[in-house]
Each structure stands twice: as structure tokens, then as C-alpha cells.
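Participant: Sharing a structure with you now.
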Protein chains: 2
Amino acid sequence: MKENIIENEMIKRIAGKFPRAPYQTNKMFESDAELIYTGGNRNNYLAITMDTLCEEIASGLYDDPYLMGWLLVMANFSDIAAVGADPLGLLVSVNYTGSEEIGFINKISSGISDACSALGTFVLGGDTNQGRDLFLSGCALGQVPKKSTITRIGAAPGDKIFLSGPAGLGNIYAFLKLQKRGMELPADFYRPKARIKEGKIIRQYGSCCMDTSDGVIISLDTLMRLNRCQFILYNQWRKILHGMVLKVCHTHNVPSWLTLAGIHGEFELCFTLRPENEKMFLQEAAAIGWKPIPAGEVCEGYGVSIKMDKESIPIDTATIRNLSHEAGSDPGRYIQQLLQMAKEIRI
Amino acid sequence: MKENIIENEMIKRIAGKFPRAPYQTNKMFESDAELIYTGGNRNNYLAITMDTLCEEIASGLYDDPYLMGWLLVMANFSDIAAVGADPLGLLVSVNYTGSEEIGFINKISSGISDACSALGTFVLGGDTNQGRDLFLSGCALGQVPKKSTITRIGAAPGDKIFLSGPAGLGNIYAFLKLQKRGMELPADFYRPKARIKEGKIIRQYGSCCMDTSDGVIISLDTLMRLNRCQFILYNQWRKILHGMVLKVCHTHNVPSWLTLAGIHGEFELCFTLRPENEKMFLQEAAAIGWKPIPAGEVCEGYGVSIKMDKESIPIDTATIRNLSHEAGSDPGRYIQQLLQMAKEIRI
């Protein structure tokens with residue numbers, strides 16, 4: 001595991017010199033949302049995160065204004081879910097060009113509003129700017145009890161890996177949208193929901209947690225590096241992948257595991273659990289009608305592997321992660337490179 | 001005062017349908033930062049705001065990376081200052097193109113870091129994205145005692161209007177940068193600092209407060225509409241305007257009051273005060289070495305006027321505010337229209 005992650009190098013370049021606030025409990029990279037102690041006699045941490053939709057709009061990946069609004073909310077609250085926090089609200093910055101029609105702006109607004117309602121939360125404020133490109137920024141706030149937080153740190157050999165739900169649909173959406181242009185997708189084909197209530201159970205029983213917004217493989221790579229263990233993913237694609245993923249991959253002859261490797265993930269949570277906590281955890285999950293998916297195990301060692309029938313195949317996750325940076329802002333080139341790379345791996 | 005403000009119409013279009021959080025204390029437009037009660041036995045409100053630098057970078061108005069970082073921080077914390085809050089920290093989203101040199105990114109980072117240090121606060125987190133254009137988004141947090149908040153609401157006839165410091169330098173910077181391209185400005189020509197400690201005094205004695213980030217005239221127009229009073233500005237330009245503003249306006253034959261009308265303001269606070277609070281307020285201000293500038297008075301009526309020697313001249317602030325939207329993302333055209341408009345006003 002020699003290669004550095006270009007994105008992390010960039011973040012270190014920008015933020016490496018910044019002194020940390022003494023009242024911030026997490027270190028850089030170590031949780032999906034920042035955890036802040038706001039002083040006094042408080043039992044909660046403030047959880048806060050920021051997420052921008054820009055290239056996704058510029059590239060045509062998101063062209064439905066309702067979906068733009070919906071995903072802005074979910075992308076932000078998925079990070080809030082991954083630290084087990086309760087949503088407090090969202091700030092929204094809408095940067096419009098001035099040439100959008102009224103109906104288009106109204107649909108962005110409806111997507112934001114419906115997504116907040118679906119999570120039981122509110123838009124608190126924001127700003128608008130006019131400029132050359134349309135883009136949306138969000139900043140989500142939440143609260144989490146100090147006694148019951150979860151971050152990306154805490155996995156240990158022997159832990160089991162779970163997913164909050166079937167994965168791969170984000171990448172299949174991107175594949176169909178960018179590689180099969182002209183194909184009509186149903187309006188609700190990709191309408192993910194941040195896993196807020198699931199996160200509140202995970203924070204009690206889990207050892208570490210991260211959302212899959214950049215894809216499952218990138219989450220596993222991140223957790224592996226931070227916890228210095230080996231993360232082994234089972235090749236049980238029928239359980240791990242969304243039904244639609246299996247269908248589309250079959251039709252278009254795409255290796256289905258690749259929908260875990262692409263950078264356009266979904267908003268599931270990828271988390272680990274000590275075996276002794278599994279029973280209680282699954283009971284609480286069942287009580288809210290949720291079926292977490294066993295997806296792998298944590299072992300001694302380092303790296304991410306996929307467990308096949310007879311052997312485990314190591315995955316060069318650094319190369320996978322850096323592909324998207326090397327392709328710059330050309331998602332078509334990125335997808336081609338990913339498909340090319342998959343040909344060289346026997347999964 | 002017939003004309004609507006285009007920007008506000010846009011905000012209402014986007015946000016008008018959003019239900020408000022029951023624990024949010026301010027209404028839309030009524031304060032520079034959102035004020036949130038986070039539950040339990042708390043004596044503070046959380047203050048939160050978001051601000052994006054995009055067009056300022058695209059247009060070449062900000063071309064010094066250190067200044068970009070500095071102004072991102074100050075723009076966000078100026079809103080925190082205007083509600084009288086203490087800074088808690090900042091989230092930063094850096095959207096880079098990938099073609100920036102390392103030194104350039106380092107300078108953005110230094111500008112952010114130095115500005116946070118200057119305000120005694122911290123970067124808490126953020127994200128990075130790669131795309132077609134460079135832009136920076138920020139989200140600032142603060143805390144303010146529940147017993148001592150200030151918003152844009154509360155001015156009454158008889159109040160005095162103050163500025164926290166001399167104004168106009170933001171617009172002079174924009175004028176020189178965009179209209180007199182090639183002119184070399186000293187690196188520290190425009191390096192404003194958010195008025196955090198001043199805001200904490202204003203919150204105790206003031207009746208309403210707003211920052212001048214969109215220019216003094218726009219602040220007065222906003223406060224006038226919200227409080228339904230007449231806001232009269234004194235024509236004492238030697239006191240109200242920055243020394244450099246008077247000098248540059250003289251050299252370039254620009255009406256100096258126009259540096260209050262342009263949309264590229266600075267980060268002073270514009271606030272009102274009941275006459276009976278003035279003495280105590282000025283004592284506390286003097287104790288921290290601060291000299292607030294008397295700038296006008298609030299009267300019965302409606303509208304913004306400038307008090308000349310013999311008469312008060314009403315200013316069509318709605319037209320001034322809407323100019324920037326009509327000019328779209330062409331700041332050169334905007335400045336020309338502003339200069340043209342000024343010819344028709346006898347100030």
C-alpha cells in the first residue's frame with residue numbers, strides 16, 4: 001500500500017497548517033461530520049458538515065432539478081447519520097445563472113423541501129448568488145449525545161462489516177446517465193434517503209462508521225487506512241448489491257462489483273461491529289424494520305480484499321481512488337478507465 | 001417605494017415554501033445569521049451563516065489567493081459579528097480546478113488561517129471538490145447569549161444610525177480592480193476585519209444591526225424595509241468614508257457617496273441606537289479603543305435619504321439594489337450603470 005490518496009494530499013495541503021479548535025473532538029479525516037463541544041454543561045456534541053453539488057450538475061449527471069435539491073439534502077445529512085447524530089437543520093447556498101426558468105428553481109426548492117421533510121428536519125437559512133454556473137452548497141447540523149458517538153475510528157480484527165442497505169445504485173445511475181445518454185430513467189430511479197434512524201442504532205453498538213457517498217470500496221479503503229486493519233468484503237453480490245444493479249450489470253455486461261468501486265456512491269452506512277454486540281444490534285434493527293446486510297470482516301493485516309470461494313483477492317484501492325482525480329472533470333473518461341481496470345482483476 | 005428587490009424575490013421563490021424550524025428564533029431576512037435554540041437548559045443561541053466566493057473570483061475581482069482565503073473568513077464572520085455572537089469556527093469547501101499551482105493553494109490556505117487567527121477562531125472542517133471553476137464556500141458558527149441578541153429588527157424613529165468604521169473601501173477596491181485594470185494595488189490595500197468585539201458591545205446597546213457587506217446603502221434599504229421607518233444618512237463624507245476612498249474618488253472624478261451604493265461593501269456594522277443608550281455605549285466603545293461613527297438618524301416615514309445642507313434627497317435604493325442583478329455577471333457593466341445613475345442625482 002504505497003500510493004497516497006491524491007484527494008487526501010490536497011486536503012492536507014489546504015488544512016494541514018490550520019490549528020485545531022481545542023473544543024473539537026475529532027481529528028482530520030476521522031469522522032464524516034465534525035464533532036464540536038459548544039461549552040457549558042452540555043450532554044451533546046454539535047455535528048456539522050458541508051457538501052457541494054457542482055460537477056454533478058455541470059457534467060449532466062444531475063439534470064433533474066428536483067433530484068438536485070433532494071440529493072443536496074441527503075448528501076449532507078448522510079454525514080450527519082454516519083456520526084449517529086439527530087438532524088438540527090440545513091443551510092443552503094443556491095448559485096444560479098439567472099437563465100433558469102421559474103419552474104426549474106421551484107423544482108430545486110421542492111426537492112430540498114421534500115427531502116428535509118422525509119428526514120424530519122428543516123432549512124434554517126442560506127444565501128443566493130448569481131454567476132456563470134449553477135451549483136448548490138449545503139451545510140448540515142445535528143446533535144449527538146456525548147456518551148454515544150461513533151466515528152471512522154474503532155474497528156479491530158474480528159469485527160464484522162455491515163452495510164445499512166444494498167449498494168451500487170449510485171454508480172449504476174451514473175453509468176446509465178453518462179454512458180447511455182438518451183436512456184429514459186424513471187423519475188424515482190435514484191432517490192436515496194440518508195440513514196438517520198439507522199445511524200442512531202449504529203452509534204450504540206458499532207465500532208466505526210462511514211457513509212458510502214464515494215462508493216463502498218472508498219469507504220473500506222478509508223476505514224482500513226485509519227484503523228490499520230485488513231477489510232475483507234464478501235463476494236455475495238446478490239445480498240450486497242441492489243436488485244436493479246444486478247439487472248443493469250447483466251444487461252450491459254458490466255462486472256457488478258465495480259458498482260462498489262465507482263466514486264458515485266449512495267447514502268448507505270458502512271460500519272463495523274464487535275461479534276458480541278451483534279445479537280443486541282440486530283434485535284434493535286429488527287424493531288424498526290431494518291435489515292442490515294453482513295458484508296465482510298475485519299482481520300489482522302492491511303488492505304482491502306474481496307473474499308472469493310477459494311481465495312481472497314487484494315484490491316488496489318489507492319489506484320481506484322486516484323482514478324477520478326486523474327480523469328479530472330471528465331466522468332466519461334473515468335468510467336472507461338474503471339471498466340478497463342476491472343478487466344485485469346479476476347472477480 | 002414600489003419596486004421589489006429581485007434578490008429577495010429569488011430567495012422567497014427558493015425558500016418561501018420551506019417550513020421554519022420551531023427552534024429557530026429569527027424569521028427570513030431578519031438577521032445576518034440564523035439564530036438557533038439547540039434545546040435543553042441552554043443560555044446561548046447558535047448563530048450560523050453561509051457565504052460563497054464565486055463570481056468575485058471568476059470576474060478577477062479577487063485574484064490574490066491570500067486575499068481570497070482572508071475574505072472568505074471575514075465575509076462569513078461579519079454575519080456572525082452582526083448578531084453579536086462569539087465565533088465558534090468555520091467550515092470551508094474549496095472547489096479547485098486541478099490546474100492551480102501548489103503555491104497558489106498554499107496562499108489560499110494561509111489567508112484562511114491568518115484570518116481565523118486574527119479573529120481568535122478555527123477552521124473546524126470542510127470538503128474539497130474538483131471542477132471547472134475555482135470557488136470557495138464557507139459556513140461560520142458562533143454563539144450568542146439568549147438574553148443579549150441583536151437582529152435587523154428593532155429600529156424606531158428617534159434612533160441614531162452608526163457605522164462601526166469608515167466605509168467605501170470595498171467599492172473603491174472593486175472600482176480600481178475592475179475599471180482600472182493594470183493598476184498595481186498594495187497587497188494590503190483591502191484587508192478588512194470582521195467586527196466581532198464591536199458586535200458584542202452593539203448587541204447590548206443597539207436596537208438593530210446589519211453588516212455592510214453589500215454596501216452601506218443596501219444595508220440602510222434593508223433595515224428601512226424591515227423596520228418601516230425612514231433612514232436618513234448624513235452627507236458628512238469626510239467622517240463616514242475611508243480616507244483612501246476620498247483620495248481615489250477625487251483622483252478619478254467619482255462621486256464619493258457612490259462608494260456606499262455599490263454592492264461590493266466592506267465588513268463594517270451598520271446599527272441603530274436609542275439616544276438614551278448612546279452615552280453608555282460610547283463609554284464601552286472607548287474602553288476597547290473603538291470610535292463608532294455617527295452616520296444618520298431614523299425618522300417617521302419610509303425610504304432612504306441623504307441629508308444635505310438644506311434638504312434631504314431621497315435615494316431610489318430599490319433601483320440601486322436591482323442594478324447588479326440586471327447587469328448579471330458583468331461587473332464592468334454594473335459599475336458603468338452605477339456611474340451613469342449618479343449623474344442624475346444631485347449629491
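In the C-alpha cells, the first chain shown is A, the next is B, and so on; residue numbers restart at 1 for each chain, and ligands run from 1 in the order shown.
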Per DSSP on the backbone, filter stretch 191-221 of chain B down to the residues in alpha helix (DSSP H) and report them as a ChimeraX atom specification.
Facilitator: /B:196-205,216-221
Participant: Quick one: residues within 10 Å of B:Lys239, only C-alpha atoms, excluding same-chain residues fewer than 3 positions away - as number ranges by chain?
Facilitator: B: 165-167, 234-236, 242-243, 293-295
Participant: Select residues of chain A: the criterion is any atom within 8 Å of an atom of chain B, counting only C-alpha atoms; output as a ChimeraX atom specification.
Facilitator: /A:7,10-11,13-15,17-21,24,28,34,38,49-52,54-55,88-89,91-93,98,105-106,108-109,113,121-132,137,139,325,328-329
Participant: Output as a PyMOL selection string all residues of stretch 69-220 of chain A that backbone DSSP marks as strand (DSSP E).
Facilitator: chain A and resi 86-96+123-130+135-145+160-163+206-211
Participant: Based on the selection just made, write N, CA and C atoms of those residues as a tab-separated table (two decimals), in the first residue's frame.
Facilitator:
```tsv
chain	number	residue	atom	x	y	z
A	86	ASP	N	-28.69	13.33	15.44
A	86	ASP	CA	-30.05	13.76	15.11
A	86	ASP	C	-29.97	15.06	14.32
A	87	PRO	N	-30.69	15.19	13.21
A	87	PRO	CA	-30.62	16.42	12.41
A	87	PRO	C	-31.17	17.63	13.16
A	88	LEU	N	-30.50	18.76	12.98
A	88	LEU	CA	-30.95	20.02	13.55
A	88	LEU	C	-31.43	20.95	12.43
A	89	GLY	N	-30.81	20.85	11.27
A	89	GLY	CA	-31.22	21.66	10.13
A	89	GLY	C	-30.12	21.83	9.12
A	90	LEU	N	-30.46	22.57	8.06
A	90	LEU	CA	-29.58	22.71	6.90
A	90	LEU	C	-29.50	24.17	6.46
A	91	LEU	N	-28.32	24.60	6.08
A	91	LEU	CA	-28.17	25.87	5.36
A	91	LEU	C	-27.91	25.56	3.90
A	92	VAL	N	-28.49	26.35	3.02
A	92	VAL	CA	-28.40	26.08	1.58
A	92	VAL	C	-27.91	27.32	0.86
A	93	SER	N	-26.89	27.17	0.05
A	93	SER	CA	-26.43	28.25	-0.81
A	93	SER	C	-26.74	27.87	-2.25
A	94	VAL	N	-27.62	28.64	-2.89
A	94	VAL	CA	-28.01	28.37	-4.28
A	94	VAL	C	-27.29	29.37	-5.18
A	95	ASN	N	-26.49	28.88	-6.07
A	95	ASN	CA	-25.75	29.72	-7.01
A	95	ASN	C	-26.34	29.50	-8.39
A	96	TYR	N	-27.13	30.46	-8.85
A	96	TYR	CA	-27.88	30.29	-10.08
A	96	TYR	C	-27.31	31.21	-11.17
A	123	VAL	N	-34.87	23.55	6.68
A	123	VAL	CA	-33.89	24.51	6.17
A	123	VAL	C	-33.87	25.69	7.15
A	124	LEU	N	-32.68	26.02	7.62
A	124	LEU	CA	-32.55	27.11	8.59
A	124	LEU	C	-32.22	28.44	7.93
A	125	GLY	N	-31.59	28.39	6.77
A	125	GLY	CA	-31.20	29.63	6.10
A	125	GLY	C	-30.27	29.32	4.96
A	126	GLY	N	-29.52	30.34	4.53
A	126	GLY	CA	-28.59	30.16	3.43
A	126	GLY	C	-28.38	31.44	2.67
A	127	ASP	N	-27.91	31.33	1.45
A	127	ASP	CA	-27.78	32.53	0.63
A	127	ASP	C	-27.96	32.18	-0.84
A	128	THR	N	-28.10	33.22	-1.66
A	128	THR	CA	-28.16	33.02	-3.10
A	128	THR	C	-27.07	33.87	-3.75
A	129	ASN	N	-26.53	33.38	-4.84
A	129	ASN	CA	-25.55	34.12	-5.63
A	129	ASN	C	-25.86	33.89	-7.09
A	130	GLN	N	-25.54	34.89	-7.91
A	130	GLN	CA	-25.73	34.75	-9.34
A	130	GLN	C	-24.36	34.65	-10.00
A	135	PHE	N	-24.76	25.90	-9.14
A	135	PHE	CA	-24.33	24.89	-8.17
A	135	PHE	C	-25.00	25.12	-6.83
A	136	LEU	N	-25.03	24.07	-6.02
A	136	LEU	CA	-25.70	24.11	-4.72
A	136	LEU	C	-24.72	23.69	-3.64
A	137	SER	N	-24.65	24.46	-2.56
A	137	SER	CA	-23.85	24.06	-1.40
A	137	SER	C	-24.78	23.91	-0.21
A	138	GLY	N	-24.44	22.97	0.65
A	138	GLY	CA	-25.23	22.79	1.86
A	138	GLY	C	-24.32	22.67	3.07
A	139	CYS	N	-24.89	22.97	4.21
A	139	CYS	CA	-24.19	22.76	5.48
A	139	CYS	C	-25.21	22.21	6.46
A	140	ALA	N	-25.01	20.96	6.89
A	140	ALA	CA	-25.98	20.31	7.77
A	140	ALA	C	-25.48	20.30	9.21
A	141	LEU	N	-26.43	20.46	10.11
A	141	LEU	CA	-26.16	20.45	11.54
A	141	LEU	C	-26.92	19.32	12.21
A	142	GLY	N	-26.32	18.75	13.23
A	142	GLY	CA	-27.01	17.75	14.03
A	142	GLY	C	-26.50	17.77	15.45
A	143	GLN	N	-27.10	16.94	16.28
A	143	GLN	CA	-26.62	16.81	17.66
A	143	GLN	C	-26.53	15.33	18.01
A	144	VAL	N	-25.51	14.97	18.79
A	144	VAL	CA	-25.32	13.58	19.18
A	144	VAL	C	-24.89	13.55	20.66
A	145	PRO	N	-25.45	12.62	21.44
A	145	PRO	CA	-25.08	12.56	22.86
A	145	PRO	C	-23.57	12.31	23.02
A	160	LYS	N	-17.15	-7.57	12.50
A	160	LYS	CA	-17.88	-7.85	11.26
A	160	LYS	C	-18.18	-6.52	10.55
A	161	ILE	N	-18.21	-6.57	9.23
A	161	ILE	CA	-18.55	-5.38	8.43
A	161	ILE	C	-20.00	-5.50	7.97
A	162	PHE	N	-20.75	-4.42	8.12
A	162	PHE	CA	-22.15	-4.37	7.66
A	162	PHE	C	-22.37	-3.19	6.72
A	163	LEU	N	-23.38	-3.33	5.89
A	163	LEU	CA	-23.92	-2.19	5.14
A	163	LEU	C	-25.35	-1.96	5.61
A	206	GLY	N	-21.97	-0.06	17.19
A	206	GLY	CA	-20.91	-0.18	16.20
A	206	GLY	C	-19.55	0.20	16.75
A	207	SER	N	-18.48	-0.22	16.03
A	207	SER	CA	-17.13	0.19	16.42
A	207	SER	C	-16.60	1.31	15.51
A	208	CYS	N	-17.03	1.38	14.26
A	208	CYS	CA	-16.73	2.53	13.41
A	208	CYS	C	-17.78	2.63	12.32
A	209	CYS	N	-17.88	3.79	11.71
A	209	CYS	CA	-18.94	4.01	10.71
A	209	CYS	C	-18.53	5.10	9.72
A	210	MET	N	-18.93	4.90	8.48
A	210	MET	CA	-18.69	5.91	7.43
A	210	MET	C	-19.78	5.73	6.39
A	211	ASP	N	-20.21	6.81	5.75
A	211	ASP	CA	-21.23	6.61	4.71
A	211	ASP	C	-20.57	6.16	3.41
```
Participant: Can you build me a table of stretch 153-244 of chain A residues sitting at most 9 Å from stretch 60-67 of chain A, with the closest atom pair per residue and its distance in Å to one decimal, using only C-alpha atoms, sorted by chain and residue number, as a tab-separated table?
Facilitator:
```
residue	atom	partner	partner_atom	distance
A:Tyr173	CA	A:Leu61	CA	8.5
A:Ala174	CA	A:Leu61	CA	6.4
A:Lys177	CA	A:Leu61	CA	6.1
A:Leu178	CA	A:Leu61	CA	6.5
A:Ala187	CA	A:Asp64	CA	8.3
A:Asp188	CA	A:Leu67	CA	8.7
A:Tyr190	CA	A:Leu67	CA	8.4
A:Arg191	CA	A:Leu67	CA	7.4
```
Participant: I need the residue nearest B:Lys307 from this list: B:Cys249, B:Glu266, B:Gly332, B:Leu233. Use only C-alpha atoms for the distance.
Facilitator: B:Leu233
Participant: What's around stretch 274-282 of chain A at 12 Å? Count only C-alpha atoms, leave out sequence neighbours fewer than 6 positions away in its own chain, and write the answer as a VMD selection string.
Facilitator: chain A and resid 154 to 162 164 198 to 208 288 to 294 297 to 298
Participant: Between A:Thr149, A:Asn76, A:Thr317, A:Gln283, single out the one closest to A:Gly215, counting only C-alpha atoms.
Facilitator: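 Closest residue, counting only C-alpha atoms: A:Thr317.
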Participant: Contacts of B:Met224 at 10 Å or less, counting only C-alpha atoms, minus same-chain residues fewer than 6 places along, as a PDB file with N, CA and C atoms, in the first residue's frame?
Facilitator:
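Saved file result29.pdb follows:
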```pdb
ATOM      1  N   ARG B 152     -31.770  42.444  12.696  1.00  0.00           N
ATOM      2  CA  ARG B 152     -32.045  43.604  11.839  1.00  0.00           C
ATOM      3  C   ARG B 152     -33.311  44.339  12.283  1.00  0.00           C
ATOM      4  N   ILE B 153     -34.038  43.767  13.214  1.00  0.00           N
ATOM      5  CA  ILE B 153     -35.333  44.301  13.643  1.00  0.00           C
ATOM      6  C   ILE B 153     -35.189  45.075  14.954  1.00  0.00           C
ATOM      7  N   ALA B 155     -35.275  48.974  15.032  1.00  0.00           N
ATOM      8  CA  ALA B 155     -35.079  50.428  14.895  1.00  0.00           C
ATOM      9  C   ALA B 155     -36.412  51.148  15.056  1.00  0.00           C
ATOM     10  N   ALA B 156     -36.354  52.374  15.579  1.00  0.00           N
ATOM     11  CA  ALA B 156     -37.563  53.181  15.752  1.00  0.00           C
ATOM     12  C   ALA B 156     -37.211  54.643  15.488  1.00  0.00           C
ATOM     13  N   ILE B 218     -27.337  49.499   0.680  1.00  0.00           N
ATOM     14  CA  ILE B 218     -28.170  48.288   0.694  1.00  0.00           C
ATOM     15  C   ILE B 218     -28.522  47.900   2.131  1.00  0.00           C
ATOM     16  N   GLN B 230     -38.009  55.748   8.122  1.00  0.00           N
ATOM     17  CA  GLN B 230     -37.140  56.427   7.182  1.00  0.00           C
ATOM     18  C   GLN B 230     -35.708  56.432   7.736  1.00  0.00           C
ATOM     19  N   PHE B 231     -34.756  56.061   6.914  1.00  0.00           N
ATOM     20  CA  PHE B 231     -33.353  56.073   7.326  1.00  0.00           C
ATOM     21  C   PHE B 231     -32.648  57.222   6.599  1.00  0.00           C
ATOM     22  N   ILE B 232     -32.159  58.185   7.386  1.00  0.00           N
ATOM     23  CA  ILE B 232     -31.517  59.373   6.806  1.00  0.00           C
ATOM     24  C   ILE B 232     -30.016  59.328   7.084  1.00  0.00           C
ATOM     25  N   VAL B 298     -32.891  57.840  12.317  1.00  0.00           N
ATOM     26  CA  VAL B 298     -34.111  57.160  11.902  1.00  0.00           C
ATOM     27  C   VAL B 298     -35.289  58.087  12.197  1.00  0.00           C
ATOM     28  N   GLY B 301     -41.743  57.713   8.639  1.00  0.00           N
ATOM     29  CA  GLY B 301     -41.794  57.703   7.181  1.00  0.00           C
ATOM     30  C   GLY B 301     -41.252  56.418   6.623  1.00  0.00           C
ATOM     31  N   TYR B 302     -40.779  56.486   5.380  1.00  0.00           N
ATOM     32  CA  TYR B 302     -40.329  55.267   4.698  1.00  0.00           C
ATOM     33  C   TYR B 302     -39.301  55.700   3.660  1.00  0.00           C
ATOM     34  N   GLY B 303     -38.284  54.920   3.446  1.00  0.00           N
ATOM     35  CA  GLY B 303     -37.296  55.233   2.420  1.00  0.00           C
ATOM     36  C   GLY B 303     -35.940  55.586   3.005  1.00  0.00           C
ATOM     37  N   VAL B 304     -34.970  55.719   2.103  1.00  0.00           N
ATOM     38  CA  VAL B 304     -33.613  56.115   2.486  1.00  0.00           C
ATOM     39  C   VAL B 304     -33.335  57.472   1.842  1.00  0.00           C
TER      40      VAL B 304
END
```
